[in-house]
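> Data: protein16.tsv, TSV, C-alpha atoms.
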```
chain	number	residue	atom	x	y	z
X	8	MET	CA	-136.79	-184.88	57.55
X	9	ASN	CA	-136.82	-185.68	53.83
X	10	THR	CA	-140.62	-185.73	53.90
X	11	GLU	CA	-140.68	-182.29	55.56
X	12	LEU	CA	-138.29	-180.91	52.93
X	13	ALA	CA	-140.37	-182.45	50.14
X	14	ASN	CA	-143.51	-180.81	51.55
X	15	ILE	CA	-141.77	-177.42	51.68
X	16	GLU	CA	-140.57	-177.80	48.09
X	17	LYS	CA	-144.08	-178.78	47.00
X	18	GLU	CA	-145.54	-175.71	48.71
X	19	VAL	CA	-142.89	-173.46	47.16
X	20	ILE	CA	-143.71	-174.80	43.70
X	21	GLU	CA	-147.43	-174.27	44.27
X	22	LEU	CA	-147.00	-170.72	45.54
X	23	THR	CA	-144.44	-169.71	42.92
X	24	ASN	CA	-146.83	-170.97	40.25
X	25	LYS	CA	-149.42	-168.60	41.67
X	26	LEU	CA	-146.85	-165.80	41.44
X	27	LYS	CA	-146.30	-166.68	37.77
X	28	GLY	CA	-150.06	-166.47	37.30
X	29	LEU	CA	-150.06	-163.09	39.03
X	30	LYS	CA	-147.39	-161.79	36.65
X	31	LYS	CA	-149.39	-163.13	33.70
X	32	GLU	CA	-152.50	-161.26	34.83
X	33	ILE	CA	-150.53	-158.03	35.25
X	34	GLY	CA	-149.05	-158.57	31.78
X	35	LYS	CA	-152.54	-158.40	30.27
X	36	ILE	CA	-152.59	-154.69	31.05
X	37	ILE	CA	-149.00	-153.62	31.64
X	38	ILE	CA	-146.78	-154.04	28.60
X	39	GLY	CA	-143.06	-154.31	29.31
X	40	GLN	CA	-141.81	-153.08	32.70
X	41	GLU	CA	-140.94	-156.66	33.74
X	42	GLU	CA	-138.22	-155.49	36.13
X	43	THR	CA	-140.58	-153.03	37.82
X	44	VAL	CA	-143.26	-155.70	38.25
X	45	ASP	CA	-140.68	-158.09	39.71
X	46	GLN	CA	-139.55	-155.42	42.17
X	47	LEU	CA	-143.15	-154.84	43.27
X	48	LEU	CA	-143.62	-158.57	43.85
X	49	ILE	CA	-140.33	-158.74	45.77
X	50	THR	CA	-141.66	-155.95	48.00
X	51	PHE	CA	-144.81	-157.99	48.65
X	52	LEU	CA	-142.89	-161.16	49.44
X	53	ALA	CA	-140.55	-159.33	51.81
X	54	GLY	CA	-143.48	-157.68	53.60
X	55	GLY	CA	-142.41	-154.09	52.88
X	56	HIS	CA	-143.61	-151.00	51.07
X	57	ALA	CA	-142.55	-149.55	47.73
X	58	LEU	CA	-142.10	-146.03	46.38
X	59	LEU	CA	-142.43	-145.71	42.60
X	60	GLU	CA	-141.11	-142.65	40.82
X	61	GLY	CA	-141.57	-141.65	37.22
X	62	VAL	CA	-142.80	-138.78	35.09
X	63	PRO	CA	-146.56	-138.60	34.44
X	64	GLY	CA	-147.99	-141.05	31.94
X	65	LEU	CA	-145.83	-144.12	32.66
X	66	ALA	CA	-148.72	-146.21	34.10
X	67	LYS	CA	-147.54	-146.15	37.72
X	68	THR	CA	-151.08	-145.97	39.09
X	69	LEU	CA	-152.43	-148.42	36.50
X	70	MET	CA	-149.72	-150.93	37.41
X	71	ILE	CA	-150.65	-150.87	41.10
X	72	ARG	CA	-154.39	-150.99	40.36
X	73	THR	CA	-153.86	-154.02	38.12
X	74	LEU	CA	-151.76	-155.73	40.77
X	75	ALA	CA	-154.46	-155.13	43.37
X	76	GLN	CA	-157.18	-156.49	41.07
X	77	ALA	CA	-155.30	-159.79	40.69
X	78	ILE	CA	-155.01	-160.27	44.48
X	79	ASP	CA	-157.99	-161.12	46.68
X	80	LEU	CA	-157.35	-158.34	49.20
X	81	LYS	CA	-159.01	-155.08	50.21
X	82	PHE	CA	-157.67	-152.17	48.13
X	83	LYS	CA	-157.93	-148.42	48.69
X	84	ARG	CA	-156.58	-145.49	46.70
X	85	ILE	CA	-155.69	-142.14	48.26
X	86	GLN	CA	-155.14	-139.23	45.91
X	87	PHE	CA	-152.65	-136.95	47.65
X	88	THR	CA	-153.26	-133.23	47.16
X	89	PRO	CA	-151.92	-130.08	48.86
X	90	ASP	CA	-155.07	-129.74	51.00
X	91	LEU	CA	-155.22	-133.38	52.18
X	92	MET	CA	-155.31	-133.71	55.98
X	93	PRO	CA	-153.97	-136.56	58.19
X	94	SER	CA	-157.54	-137.40	59.22
X	95	ASP	CA	-158.39	-137.99	55.55
X	96	ILE	CA	-155.93	-140.90	55.68
X	97	ILE	CA	-156.24	-142.28	59.21
X	98	GLY	CA	-159.90	-141.51	59.90
X	99	THR	CA	-161.73	-139.36	62.40
X	100	GLU	CA	-164.23	-139.51	65.23
X	101	ILE	CA	-167.85	-138.75	64.42
X	102	LEU	CA	-170.68	-138.01	66.86
X	103	GLU	CA	-173.40	-140.65	66.86
X	104	GLU	CA	-176.55	-141.19	68.87
X	105	ASP	CA	-177.85	-144.39	70.44
X	106	HIS	CA	-181.50	-144.32	69.38
X	107	SER	CA	-182.56	-146.66	72.20
X	108	THR	CA	-181.16	-144.48	75.01
X	109	GLY	CA	-180.77	-141.10	73.33
X	110	LYS	CA	-177.15	-140.90	74.49
X	111	LYS	CA	-174.56	-139.47	72.17
X	112	PHE	CA	-171.06	-140.89	71.76
X	113	PHE	CA	-168.00	-140.59	69.55
X	114	LYS	CA	-167.24	-143.39	67.13
X	115	PHE	CA	-163.98	-143.75	65.20
X	116	ASN	CA	-164.68	-143.79	61.48
X	117	LYS	CA	-161.76	-145.63	59.86
X	118	GLY	CA	-160.00	-143.98	56.93
X	119	PRO	CA	-158.65	-145.53	53.73
X	120	ILE	CA	-155.43	-146.61	55.48
X	121	PHE	CA	-157.47	-149.56	56.82
X	122	ALA	CA	-157.00	-151.76	53.78
X	123	ASN	CA	-154.54	-154.46	52.76
X	124	ILE	CA	-153.16	-152.63	49.73
X	125	VAL	CA	-153.08	-148.83	49.86
X	126	LEU	CA	-152.17	-146.80	46.81
X	127	ALA	CA	-150.74	-143.46	47.97
X	128	ASP	CA	-151.01	-141.72	44.62
X	129	GLU	CA	-148.65	-138.78	44.02
X	130	ILE	CA	-147.53	-138.81	47.65
X	131	ASN	CA	-145.18	-135.87	47.08
X	132	ARG	CA	-148.05	-133.54	46.22
X	133	THR	CA	-149.10	-133.25	49.87
X	134	PRO	CA	-147.22	-131.39	52.66
X	135	PRO	CA	-144.93	-133.25	55.11
X	136	LYS	CA	-147.51	-133.08	57.92
X	137	THR	CA	-149.87	-135.30	55.95
X	138	GLN	CA	-147.08	-137.50	54.59
X	139	ALA	CA	-146.05	-138.20	58.19
X	140	ALA	CA	-149.50	-139.66	58.91
X	141	LEU	CA	-148.30	-142.81	57.16
X	142	LEU	CA	-145.21	-143.35	59.34
X	143	GLU	CA	-146.74	-145.34	62.20
X	144	ALA	CA	-148.82	-147.47	59.82
X	145	MET	CA	-145.80	-148.30	57.67
X	146	GLN	CA	-143.52	-149.24	60.56
X	147	GLU	CA	-145.79	-150.60	63.29
X	148	PHE	CA	-148.78	-151.79	61.21
X	149	GLU	CA	-151.11	-149.90	63.50
X	150	VAL	CA	-152.74	-146.48	63.82
X	151	THR	CA	-153.14	-144.36	66.96
X	152	TYR	CA	-155.95	-141.84	67.19
X	153	SER	CA	-157.15	-139.97	70.27
X	154	GLY	CA	-155.17	-142.26	72.56
X	155	ASN	CA	-156.55	-145.48	71.06
X	156	THR	CA	-154.52	-147.90	68.96
X	157	TYR	CA	-156.07	-149.74	66.03
X	158	LYS	CA	-154.33	-152.71	64.43
X	159	LEU	CA	-154.16	-152.91	60.66
X	160	ASP	CA	-155.07	-156.11	58.85
X	161	ARG	CA	-152.21	-158.19	57.48
X	162	PRO	CA	-150.85	-158.39	54.90
X	163	PHE	CA	-150.49	-154.63	54.63
X	164	PHE	CA	-148.73	-152.79	51.83
X	165	ILE	CA	-148.36	-149.14	50.98
X	166	LEU	CA	-147.46	-148.58	47.34
X	167	ALA	CA	-146.75	-144.91	46.79
X	168	THR	CA	-146.18	-143.07	43.54
X	169	GLN	CA	-144.47	-139.76	43.02
X	170	ASN	CA	-143.37	-137.50	40.22
X	171	PRO	CA	-139.74	-136.38	40.16
X	172	ILE	CA	-139.09	-133.52	42.57
X	173	GLU	CA	-138.20	-131.13	39.77
X	174	GLN	CA	-141.86	-131.21	38.68
X	175	SER	CA	-143.83	-128.18	39.88
X	176	GLY	CA	-146.01	-128.29	42.98
X	177	THR	CA	-144.29	-131.11	44.87
X	178	PHE	CA	-142.98	-131.66	48.40
X	179	PRO	CA	-139.94	-133.97	48.59
X	180	LEU	CA	-140.40	-136.82	51.06
X	181	PRO	CA	-138.31	-136.42	54.25
X	182	GLU	CA	-135.47	-138.93	54.57
X	183	ALA	CA	-137.07	-140.51	57.66
X	184	GLN	CA	-140.16	-141.43	55.69
X	185	GLN	CA	-138.26	-142.55	52.62
X	186	ASP	CA	-136.40	-145.02	54.84
X	187	ARG	CA	-139.72	-146.74	55.63
X	188	PHE	CA	-139.96	-147.84	52.01
X	189	LEU	CA	-138.25	-151.15	51.35
X	190	PHE	CA	-137.71	-150.37	47.67
X	191	TYR	CA	-137.43	-147.08	45.80
X	192	ILE	CA	-138.31	-148.01	42.23
X	193	LYS	CA	-137.68	-145.70	39.30
X	194	ILE	CA	-139.73	-146.28	36.17
X	195	GLY	CA	-138.24	-145.29	32.84
X	196	TYR	CA	-139.73	-144.82	29.39
X	197	PRO	CA	-140.68	-147.96	27.42
X	198	ASN	CA	-138.53	-149.17	24.55
X	199	ASP	CA	-139.68	-148.70	20.96
X	200	ILE	CA	-141.32	-152.13	20.58
X	201	ASP	CA	-143.18	-151.88	23.91
X	202	GLU	CA	-144.33	-148.36	23.10
X	203	VAL	CA	-145.86	-149.48	19.79
X	204	ASN	CA	-147.65	-152.33	21.59
X	205	ILE	CA	-148.89	-149.93	24.27
X	206	LEU	CA	-150.34	-147.62	21.64
X	207	LYS	CA	-152.08	-150.54	19.90
X	208	SER	CA	-153.56	-152.04	23.06
X	209	THR	CA	-154.80	-148.82	24.67
X	210	THR	CA	-156.50	-147.11	21.74
X	211	GLY	CA	-159.00	-149.80	20.76
X	212	VAL	CA	-162.24	-151.11	22.22
X	213	LYS	CA	-161.01	-154.45	23.63
X	214	LYS	CA	-160.61	-154.55	27.40
X	215	GLU	CA	-158.81	-157.29	29.29
X	216	THR	CA	-160.38	-158.90	32.35
X	217	ILE	CA	-158.11	-159.33	35.38
X	218	ASN	CA	-158.69	-162.50	37.42
X	219	GLU	CA	-157.86	-162.94	41.11
X	220	VAL	CA	-155.14	-165.58	41.26
X	221	ILE	CA	-153.72	-165.26	44.78
X	222	ASN	CA	-155.10	-164.32	48.20
X	223	GLY	CA	-153.93	-162.84	51.46
X	224	GLU	CA	-153.28	-166.23	53.06
X	225	ASP	CA	-150.97	-167.13	50.18
X	226	ILE	CA	-149.11	-163.83	50.58
X	227	LEU	CA	-148.63	-164.36	54.32
X	228	ARG	CA	-147.34	-167.88	53.72
X	229	LEU	CA	-144.93	-166.59	51.08
X	230	GLN	CA	-143.67	-163.93	53.49
X	231	HIS	CA	-142.99	-166.67	56.04
X	232	LEU	CA	-141.19	-168.78	53.43
X	233	VAL	CA	-139.01	-165.82	52.43
X	234	ARG	CA	-137.51	-165.69	55.92
X	235	GLU	CA	-136.77	-169.41	55.72
X	236	VAL	CA	-134.70	-169.04	52.53
X	237	PRO	CA	-131.07	-169.66	53.57
X	238	ILE	CA	-128.26	-167.20	52.93
X	239	SER	CA	-124.60	-168.00	53.51
X	240	ASP	CA	-122.47	-166.20	56.09
X	241	ASP	CA	-120.19	-165.02	53.28
X	242	LEU	CA	-123.07	-163.21	51.56
X	243	ILE	CA	-124.18	-161.64	54.85
X	244	GLN	CA	-120.61	-160.43	55.31
X	245	TYR	CA	-120.71	-158.86	51.83
X	246	VAL	CA	-123.94	-157.06	52.73
X	247	SER	CA	-122.38	-155.70	55.92
X	248	GLU	CA	-119.31	-154.49	54.01
X	249	VAL	CA	-121.44	-152.73	51.38
X	250	ILE	CA	-123.62	-150.99	53.99
X	251	ARG	CA	-120.65	-149.86	56.10
X	252	ALA	CA	-118.88	-148.64	52.97
X	253	THR	CA	-121.73	-146.20	52.27
X	254	ARG	CA	-120.88	-144.22	55.43
X	255	PRO	CA	-118.19	-141.54	54.99
X	256	GLU	CA	-116.89	-142.00	58.54
X	257	THR	CA	-116.23	-145.75	58.13
X	258	SER	CA	-115.75	-146.08	54.36
X	259	THR	CA	-112.38	-146.53	52.71
X	260	SER	CA	-113.83	-145.40	49.39
X	261	THR	CA	-112.68	-141.96	48.26
X	262	TYR	CA	-115.80	-141.92	46.11
X	263	VAL	CA	-118.00	-142.06	49.21
X	264	LYS	CA	-115.92	-139.60	51.22
X	265	GLU	CA	-116.10	-137.09	48.38
X	266	TRP	CA	-119.77	-137.39	47.36
X	267	VAL	CA	-121.79	-138.71	50.32
X	268	ASN	CA	-123.18	-136.80	53.30
X	269	TRP	CA	-124.94	-139.68	55.07
X	270	GLY	CA	-124.72	-143.40	54.49
X	271	ALA	CA	-127.19	-146.22	55.00
X	272	GLY	CA	-128.16	-147.62	58.41
X	273	PRO	CA	-128.60	-151.24	59.53
X	274	ARG	CA	-132.16	-151.24	58.17
X	275	ALA	CA	-130.65	-151.11	54.69
X	276	GLY	CA	-128.72	-154.32	55.35
X	277	GLN	CA	-131.88	-156.02	56.60
X	278	ALA	CA	-133.68	-154.83	53.47
X	279	MET	CA	-130.94	-156.16	51.17
X	280	ILE	CA	-131.04	-159.61	52.74
X	281	LEU	CA	-134.83	-159.87	52.86
X	282	THR	CA	-135.33	-158.67	49.29
X	283	ALA	CA	-132.56	-160.95	48.03
X	284	LYS	CA	-134.35	-163.86	49.70
X	285	ALA	CA	-137.64	-162.73	48.14
X	286	ARG	CA	-136.03	-162.51	44.70
X	287	ALA	CA	-134.68	-166.03	45.05
X	288	LEU	CA	-138.13	-167.35	46.02
X	289	LEU	CA	-139.79	-165.41	43.18
X	290	GLN	CA	-137.55	-167.32	40.81
X	291	GLY	CA	-138.33	-170.64	42.48
X	292	ARG	CA	-134.99	-170.99	44.27
X	293	LEU	CA	-134.41	-171.85	47.93
X	294	ALA	CA	-131.02	-170.17	48.26
X	295	VAL	CA	-129.73	-166.62	47.88
X	296	THR	CA	-127.02	-165.99	45.29
X	297	LEU	CA	-124.57	-163.14	44.87
X	298	ASN	CA	-126.53	-161.98	41.83
X	299	ASP	CA	-129.66	-161.60	43.99
X	300	LEU	CA	-127.77	-159.14	46.20
X	301	LYS	CA	-126.50	-157.21	43.20
X	302	GLN	CA	-129.99	-156.92	41.71
X	303	VAL	CA	-131.65	-155.58	44.88
X	304	ALA	CA	-128.84	-153.27	46.04
X	305	ILE	CA	-129.76	-150.20	43.99
X	306	PRO	CA	-133.51	-150.00	44.81
X	307	VAL	CA	-132.65	-150.67	48.47
X	308	LEU	CA	-129.89	-148.03	48.74
X	309	ARG	CA	-131.24	-145.43	46.30
X	310	HIS	CA	-133.06	-143.50	49.05
X	311	ARG	CA	-130.72	-144.39	51.90
X	312	ILE	CA	-127.50	-142.85	50.57
X	313	ILE	CA	-127.71	-139.07	50.89
X	314	ILE	CA	-125.33	-137.37	48.50
X	315	ASN	CA	-123.99	-133.85	49.05
X	316	PHE	CA	-124.58	-130.68	47.05
X	317	ARG	CA	-121.30	-131.05	45.21
X	318	ALA	CA	-122.33	-134.48	43.98
X	319	GLU	CA	-125.66	-133.11	42.77
X	320	ALA	CA	-123.87	-130.34	40.91
X	321	GLU	CA	-121.57	-132.88	39.23
X	322	GLY	CA	-124.49	-135.15	38.29
X	323	ILE	CA	-123.45	-137.90	40.71
X	324	THR	CA	-126.42	-139.92	42.00
X	325	SER	CA	-126.82	-142.41	44.84
X	326	ASP	CA	-127.24	-145.10	42.16
X	327	LYS	CA	-123.79	-144.27	40.83
X	328	VAL	CA	-122.29	-144.46	44.32
X	329	THR	CA	-123.91	-147.87	44.86
X	330	GLN	CA	-122.63	-149.16	41.53
X	331	GLU	CA	-119.07	-148.13	42.40
X	332	LEU	CA	-119.29	-149.82	45.80
X	333	LEU	CA	-120.63	-153.04	44.31
X	334	LYS	CA	-117.77	-153.13	41.81
X	335	ALA	CA	-115.23	-152.60	44.58
X	336	ILE	CA	-116.65	-154.99	47.20
X	337	LEU	CA	-118.62	-157.80	45.59
X	338	PRO	CA	-116.88	-160.48	43.53
X	339	SER	CA	-117.39	-160.26	39.77
X	340	ASN	CA	-118.92	-163.73	39.57
```
Show me, as structure tokens, the structure contained in the file I just sent.

Amino acid sequence: MNTELANIEKEVIELTNKLKGLKKEIGKIIIGQEETVDQLLITFLAGGHALLEGVPGLAKTLMIRTLAQAIDLKFKRIQFTPDLMPSDIIGTEILEEDHSTGKKFFKFNKGPIFANIVLADEINRTPPKTQAALLEAMQEFEVTYSGNTYKLDRPFFILATQNPIEQSGTFPLPEAQQDRFLFYIKIGYPNDIDEVNILKSTTGVKKETINEVINGEDILRLQHLVREVPISDDLIQYVSEVIRATRPETSTSTYVKEWVNWGAGPRAGQAMILTAKARALLQGRLAVTLNDLKQVAIPVLRHRIIINFRAEAEGITSDKVTQELLKAILPSN
């Protein structure tokens, strides 16, 4: 038993060292944004998808491209536009001819969704009909076309970017599709020191080379290890209390009853536990702490707590609601 535990610890050290190398490679290009990079890696380890939001020019696309370059996996980028069709994502049937027999037949030509890492760039610039083409792939890891089902290769990640909805020419993502994203990550402006370094590094002639430091097999093993990370019953109870407290019909919080229309479902609790486990593993730990739960709560619940119009008018956000619930439910230490 001790030998088995020692082997697991050895594997964890080896894989977490590769994660450190991955962060180092990303850091060659992306200056600052350590929390955002960590949240992306947590998404990978937990086997989910991430939605990144920020105003134009904050390197959302560059960050995902750099991440993909450092991982030995197939990468595709889809630029979402108002005229993009579902078939442009999933694929379509084309008519081909067998030259030996002269017979014609339809062959499914796979779209860019058939990759390991898919960058859905500016996903809120395409109408809901096309956005919905991602739903089955995100949830079931497969695509159905013309009655046939095609499995997607694993690991499979969709990393979507969007501009804030107040920007012109956008279509807000429906709540059902937002719920498919494990994390909703908001990217802010860099601090003054990082901004100076960004200006220096991006206006010269020197270009950094990104090396592949981790592969798909490593990612799949890490995803398996994440589920093996233990979490105490007390922490699971805290997660349940937080999730139930987001729902106006079951919450005792006047804050929630006043500002929230719809609370989070059980999937949010699953997401909190899995991402807390992934955060622990990312830091080389084999146990979830209360701080792990606190750190993942906001990106998990940001898109799963639907505030009402009154809250929007008063400037109350889902992040604020989550912060109040964490203060009220989780211990301070």
> Please provide as number ranges by chain all residues within 10 Å of stretch 255-265 of chain X, with the sequence filter that same-chain residues fewer than 2 positions apart are discarded (counting all atoms listed in the file).
X: 248-253, 267-270, 312, 314-315, 317-318, 325, 327-329, 331-332, 335
> Just the number, please: distance in Å from atom CA of X:Ser208 to atom CA of X:Ala75, one decimal.
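Distance reported for this atom pair: 20.6 Å.
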> Neighbours of X:Gln185 within 8 Å (only C-alpha atoms; same-chain residues fewer than 4 positions away dropped), as a list in words?
Leu180, Pro181, His310 and Arg311 of chain X
> Write out as a list in words which residues come within 8 Å of stretch 47-52 of chain X when counting only C-alpha atoms, dropping same-chain ones fewer than 2 positions away.
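Selected residues are Thr43, Val44, Asp45, Gly54, Gly55, His56, Ala57, Phe164, Leu189, Phe190, Ile226, Leu229, Gln230, Val233, Thr282, Ala285, Arg286 and Leu289 of chain X.
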> As JSON, please: the centre and edge lengths in Å, to one decimal, of an axis-aligned box enclosing every listed atom of stretch 47-66 of chain X with 4 Å added on each side.

```
{"center_x": -144.5, "center_y": -149.9, "center_z": 42.8, "size_x": 16.4, "size_y": 30.6, "size_z": 29.7}
```
> Could you check which of X:Ile20, X:Leu26, X:Ala139, X:Leu166 is closest to X:Ile71, using all atoms listed in the file?
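Ranking X:Ile20, X:Leu26, X:Ala139, X:Leu166 by distance to X:Ile71, first place goes to X:Leu166.
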> For X:Val295, list every protein, DNA or RNA residue within 12 Å, evaluated using all atoms listed in the file, and leave out those in the same chain fewer than 3 positions away; present the list as a PyMOL selection string.
chain X and resi 233-243+279-292+298-303
> Just how far from atom CA of X:Leu333 is atom CA of X:Thr296, in Å to one decimal?
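One can read the atom CA of X:Thr296 to atom CA of X:Leu333 distance as 14.5 Å.
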> Nearest residue to X:Gln277 out of X:Ile165, X:Leu141, X:Ala53, X:Leu102, using all atoms listed in the file?
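So, comparing all the options, the nearest one is X:Ala53.
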